[in-house]
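Accompanying notes for the structure given below.
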Amino acid sequence: MGTAMFPLGAVLFPHTPLALRIFEERYLVMLGRLLDETDPAFGVVLIERGSETGGGDQRFPLGTMAQLSHVVPQAGQMQIVARGTERFEIVEWLDDAPYPRADVRALPDLEWNDALLPLLEEAERIVRRVLGRAQQYGGTRWDPEVELSEEPLPRAWQVAAIAPLGELDQMELLRSVTLGGLLRATIDLTLAAEPLLGDPVPDGVIVVDDGEPEDDD
C-alpha cells in the first residue's frame with residue numbers, strides 16, 4: 001500500500017503546523033482514504049523539479065510526516081491542518097495512481113541536551129534579528145516577535161522553520177543529524193542570507209498563528 005505522500009514546493013519541519021487547501025482530485029481521494037484511518041498522516045517532500053499540480057514532478061528523498069488534525073470542507077476543495085512529526089527517507093517510490101505513495105523509513109528524532117541551551121538562544125536571537133530586518137523589506141511573512149514552543153526540542157525545529165531561508169537551505173537543515181548541527185547550520189545560513197535581504201524571500205508554507213509557526217496557504 002505504501003505511505004500517502006504530498007509533494008510540495010516547500011519544506012515541512014518537525015513540530016511545525018501546516019495548512020493546505022486541497023483541490024486536485026488525486027489528493028481529495030487521498031484525503032478520503034486517510035479519514036478512514038484512526039491516526040491519519042501523510043508524508044511531505046519538497047519538489048526538486050516540476051510543479052505541485054499535474055504530477056510528473058521530481059522529489060527530494062527526505063521529508064517529514066504530517067499528522068492530520070483538522071479538515072474543513074469548502075466549495076470544491078478541502079482545507080486541512082496537520083502538524084509535522086518525524087522525519088523519514090524514501091526507500092522506494094510506488095505508483096502515483098491514484099495519488100503519490102512511497103515506502104519510507106523513519107529517521108530518529110534529534111536528541112536534546114541542556115548543554116545546547118546557549119546555542120539555541122543564540123540561534124533564536126539571530127533568526128529574530130534577521131527576521132526584523134527582513135520585515136523592513138516586506139519580504140517575510142513571519143513576525144520577529146512570534147512565540148514558539150516552551151519545549152527546547154520543538155523550539156529548535158521551529159527556530160529553523162521560521163528562519164528566512166530558501167527551500168534548498170531548509171533542506172540542508174532538515175538533513176541535520178544532531179541538534180547542535182541543526183542550530184549551528186541555522187545560525188550560519190541565516191547570517192549568510194542576511195546580506196540578501198533586499199532580494200525577495202521565497203514563499204514558504206510556514207507562517208505564524210497562536211504562538212506556533214504555521215502555513216497560511
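Residues are named by chain letter and number: chains run A, B, ... in the order of the C-alpha cells, numbers start at 1 in each chain, and ligands are numbered from 1 in the order shown.
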Please provide the set of residues having any atom within 12 Å of range 27-41 of chain A, restricted to only C-alpha atoms, with same-chain residues fewer than 6 positions apart removed, written as a PDB file with C-alpha atoms, in the first residue's frame.
```
ATOM      1  CA  MET A   1       0.000   0.000   0.000  1.00  0.00           C
ATOM      2  CA  GLY A   2       2.768   2.462   0.935  1.00  0.00           C
ATOM      3  CA  THR A   3       2.586   5.811   2.693  1.00  0.00           C
ATOM      4  CA  ALA A   4       0.460   8.589   1.187  1.00  0.00           C
ATOM      5  CA  MET A   5       2.706  11.400   0.011  1.00  0.00           C
ATOM      6  CA  PHE A   6       2.102  15.089  -0.711  1.00  0.00           C
ATOM      7  CA  PRO A   7       4.932  16.676  -2.728  1.00  0.00           C
ATOM      8  CA  LEU A  20      -3.219  23.337   2.919  1.00  0.00           C
ATOM      9  CA  ARG A  21      -6.095  23.801   0.516  1.00  0.00           C
ATOM     10  CA  GLU A  52       2.703  20.868  -7.294  1.00  0.00           C
ATOM     11  CA  THR A  53      -0.177  20.230  -9.690  1.00  0.00           C
ATOM     12  CA  GLY A  54      -0.493  17.779 -12.528  1.00  0.00           C
ATOM     13  CA  GLY A  55       2.143  15.239 -11.488  1.00  0.00           C
ATOM     14  CA  THR A  64       8.511  14.911   7.234  1.00  0.00           C
ATOM     15  CA  MET A  65       5.343  13.120   8.261  1.00  0.00           C
ATOM     16  CA  ALA A  66       2.288  15.352   8.755  1.00  0.00           C
ATOM     17  CA  GLN A  67      -0.305  14.305  11.332  1.00  0.00           C
ATOM     18  CA  LEU A  68      -3.769  15.336  10.173  1.00  0.00           C
ATOM     19  CA  SER A  69      -5.710  17.258  12.822  1.00  0.00           C
ATOM     20  CA  HIS A  70      -8.462  19.329  11.159  1.00  0.00           C
ATOM     21  CA  VAL A  71     -10.432  19.068   7.931  1.00  0.00           C
ATOM     22  CA  VAL A  72     -12.839  21.809   6.828  1.00  0.00           C
ATOM     23  CA  PRO A  73     -14.900  21.280   3.646  1.00  0.00           C
ATOM     24  CA  GLY A  76     -14.875  22.346  -4.369  1.00  0.00           C
ATOM     25  CA  GLN A  77     -11.940  21.865  -2.047  1.00  0.00           C
ATOM     26  CA  MET A  78     -10.856  20.905   1.470  1.00  0.00           C
ATOM     27  CA  GLN A  79      -8.934  22.986   3.974  1.00  0.00           C
ATOM     28  CA  ILE A  80      -6.736  20.825   6.176  1.00  0.00           C
ATOM     29  CA  VAL A  81      -4.426  21.438   9.109  1.00  0.00           C
ATOM     30  CA  ALA A  82      -1.665  18.996  10.005  1.00  0.00           C
ATOM     31  CA  ARG A  83       1.486  19.008  12.104  1.00  0.00           C
ATOM     32  CA  GLY A  84       4.983  17.840  11.264  1.00  0.00           C
ATOM     33  CA  THR A  85       6.115  14.857  13.310  1.00  0.00           C
ATOM     34  CA  GLU A  86       9.008  12.550  12.426  1.00  0.00           C
ATOM     35  CA  ASP A  96       1.333   7.516  -8.295  1.00  0.00           C
ATOM     36  CA  ALA A  97      -2.124   6.136  -9.119  1.00  0.00           C
ATOM     37  CA  PRO A  98      -4.426   7.239  -7.638  1.00  0.00           C
ATOM     38  CA  TYR A  99      -2.096   9.539  -5.635  1.00  0.00           C
ATOM     39  CA  PRO A 100       1.645   9.658  -4.778  1.00  0.00           C
ATOM     40  CA  ARG A 101       2.774   6.853  -2.467  1.00  0.00           C
TER      41      ARG A 101
END
```
field: Residue list (helix (DSSP H, G or I), DSSP) for chain A, as a VMD selection string
entry: chain A and resid 25 to 34 114 to 136 152 to 162 167 to 174 179 to 196
query: Any idea what the distance is between CA of Leu179 in chain A and CA of Gln158 in chain A?
result: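 Rounded to one decimal, the two atoms are 12.3 Å apart.
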- request: From range 19-175 of chain A, collect each residue whose DSSP state is strand (DSSP E) and return the set as a PyMOL selection string.
  value: chain A and resi 19-22+41-49+58-74+77-93+101-106
field: Distance criterion (only C-alpha atoms): nearest to Glu151 in chain A out of A:Thr186, A:Ser176, A:Gln58, A:Asn113
entry: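 Closest residue, counting only C-alpha atoms: A:Asn113.
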- prompt: Just how far from CA of Ala185 in chain A is CA of Pro108 in chain A, in Å to one decimal?
  reply: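 So the two atoms, CA of Pro108 in chain A and CA of Ala185 in chain A, lie 18.8 Å apart.
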- prompt: Using only C-alpha atoms, which of the listed residues (A:Ala19, A:Ile90, A:Leu183, A:Ala161) sits closest to Glu122 in chain A?
  reply: A:Leu183
- prompt: Separation of CA of Val146 in chain A and CA of Ala134 in chain A, in Å?
  reply: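 Separation of CA of Val146 in chain A and CA of Ala134 in chain A: 14.3 Å.
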task: Do a neighbour search on Asp114 in chain A at 12 Å with only C-alpha atoms, toss out local chain neighbours closer than 2 positions, and write the hits as a PyMOL selection string.
output: chain A and resi 111-112+116-121+151-153+179-180
Got time to write the residues from that selection, C-alpha atoms, as a JSON list (two decimals), in the first residue's frame?
```json
[["chain", "number", "residue", "atom", "x", "y", "z"],
["A", 111, "GLU", "CA", 18.17, 14.50, 20.92],
["A", 112, "TRP", "CA", 18.12, 17.49, 23.23],
["A", 116, "LEU", "CA", 22.75, 23.15, 23.89],
["A", 117, "LEU", "CA", 20.62, 25.85, 25.54],
["A", 118, "PRO", "CA", 23.11, 28.71, 24.87],
["A", 119, "LEU", "CA", 23.31, 27.66, 21.21],
["A", 120, "LEU", "CA", 19.52, 27.55, 20.93],
["A", 121, "GLU", "CA", 19.28, 31.01, 22.49],
["A", 151, "GLU", "CA", 9.92, 22.81, 24.97],
["A", 152, "PRO", "CA", 13.52, 23.10, 23.71],
["A", 153, "LEU", "CA", 13.45, 20.37, 21.03],
["A", 179, "LEU", "CA", 20.56, 19.09, 17.23],
["A", 180, "GLY", "CA", 23.78, 21.01, 17.68]]
```
Proximity to Leu196 in chain A - best of A:Val130, A:Arg59, A:Val11, A:Thr178, only C-alpha atoms: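 Checking each candidate against Leu196 in chain A, we get A:Val130 as the closest.
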query: Quick one: residues within 7 Å of Leu8 in chain A, only C-alpha atoms counted, chain neighbours fewer than 2 positions away excluded, as a PyMOL selection string?
result: chain A and resi 6+10+44-47+52
Same residues, C-alpha atoms, output as a compact mmCIF listing (two decimals), in the first residue's frame:
```txt
# COMPACT_ATOMS: atom_id res chain seq x y z
CA PHE A 6 2.10 15.09 -0.71
CA ALA A 10 8.11 23.99 0.37
CA VAL A 44 5.50 15.82 2.81
CA VAL A 45 8.50 16.07 0.49
CA LEU A 46 9.96 19.03 -1.35
CA ILE A 47 9.59 19.04 -5.13
CA GLU A 52 2.70 20.87 -7.29
```
Nearest residue to Gly138 in chain A from the set A:Leu197, A:Ala115, A:Ala75, A:Ala160 (distances using only C-alpha atoms): A:Leu197
- request: Within 9 Å of Arg133 in chain A, counting only C-alpha atoms, which residues show up once you throw out same-chain ones fewer than 4 positions away? Write them as a list of chain:residue names, please.
  value: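 Residues near the query, excluding close chain neighbours: A:Arg128, A:Arg129, A:Tyr137, A:Pro144, A:Glu194, A:Leu197.
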Keeping only C-alpha atoms, take the residues you just selected and write them out as a PDB file, in the first residue's frame.
```pdb
ATOM      1  CA  ARG A 128      14.598  37.012  15.224  1.00  0.00           C
ATOM      2  CA  ARG A 129      17.023  39.840  14.474  1.00  0.00           C
ATOM      3  CA  TYR A 137      11.695  44.963   3.093  1.00  0.00           C
ATOM      4  CA  PRO A 144      10.103  38.504  14.575  1.00  0.00           C
ATOM      5  CA  GLU A 194      21.210  38.493   5.802  1.00  0.00           C
ATOM      6  CA  LEU A 197      17.524  40.765   2.461  1.00  0.00           C
TER       7      LEU A 197
END
```
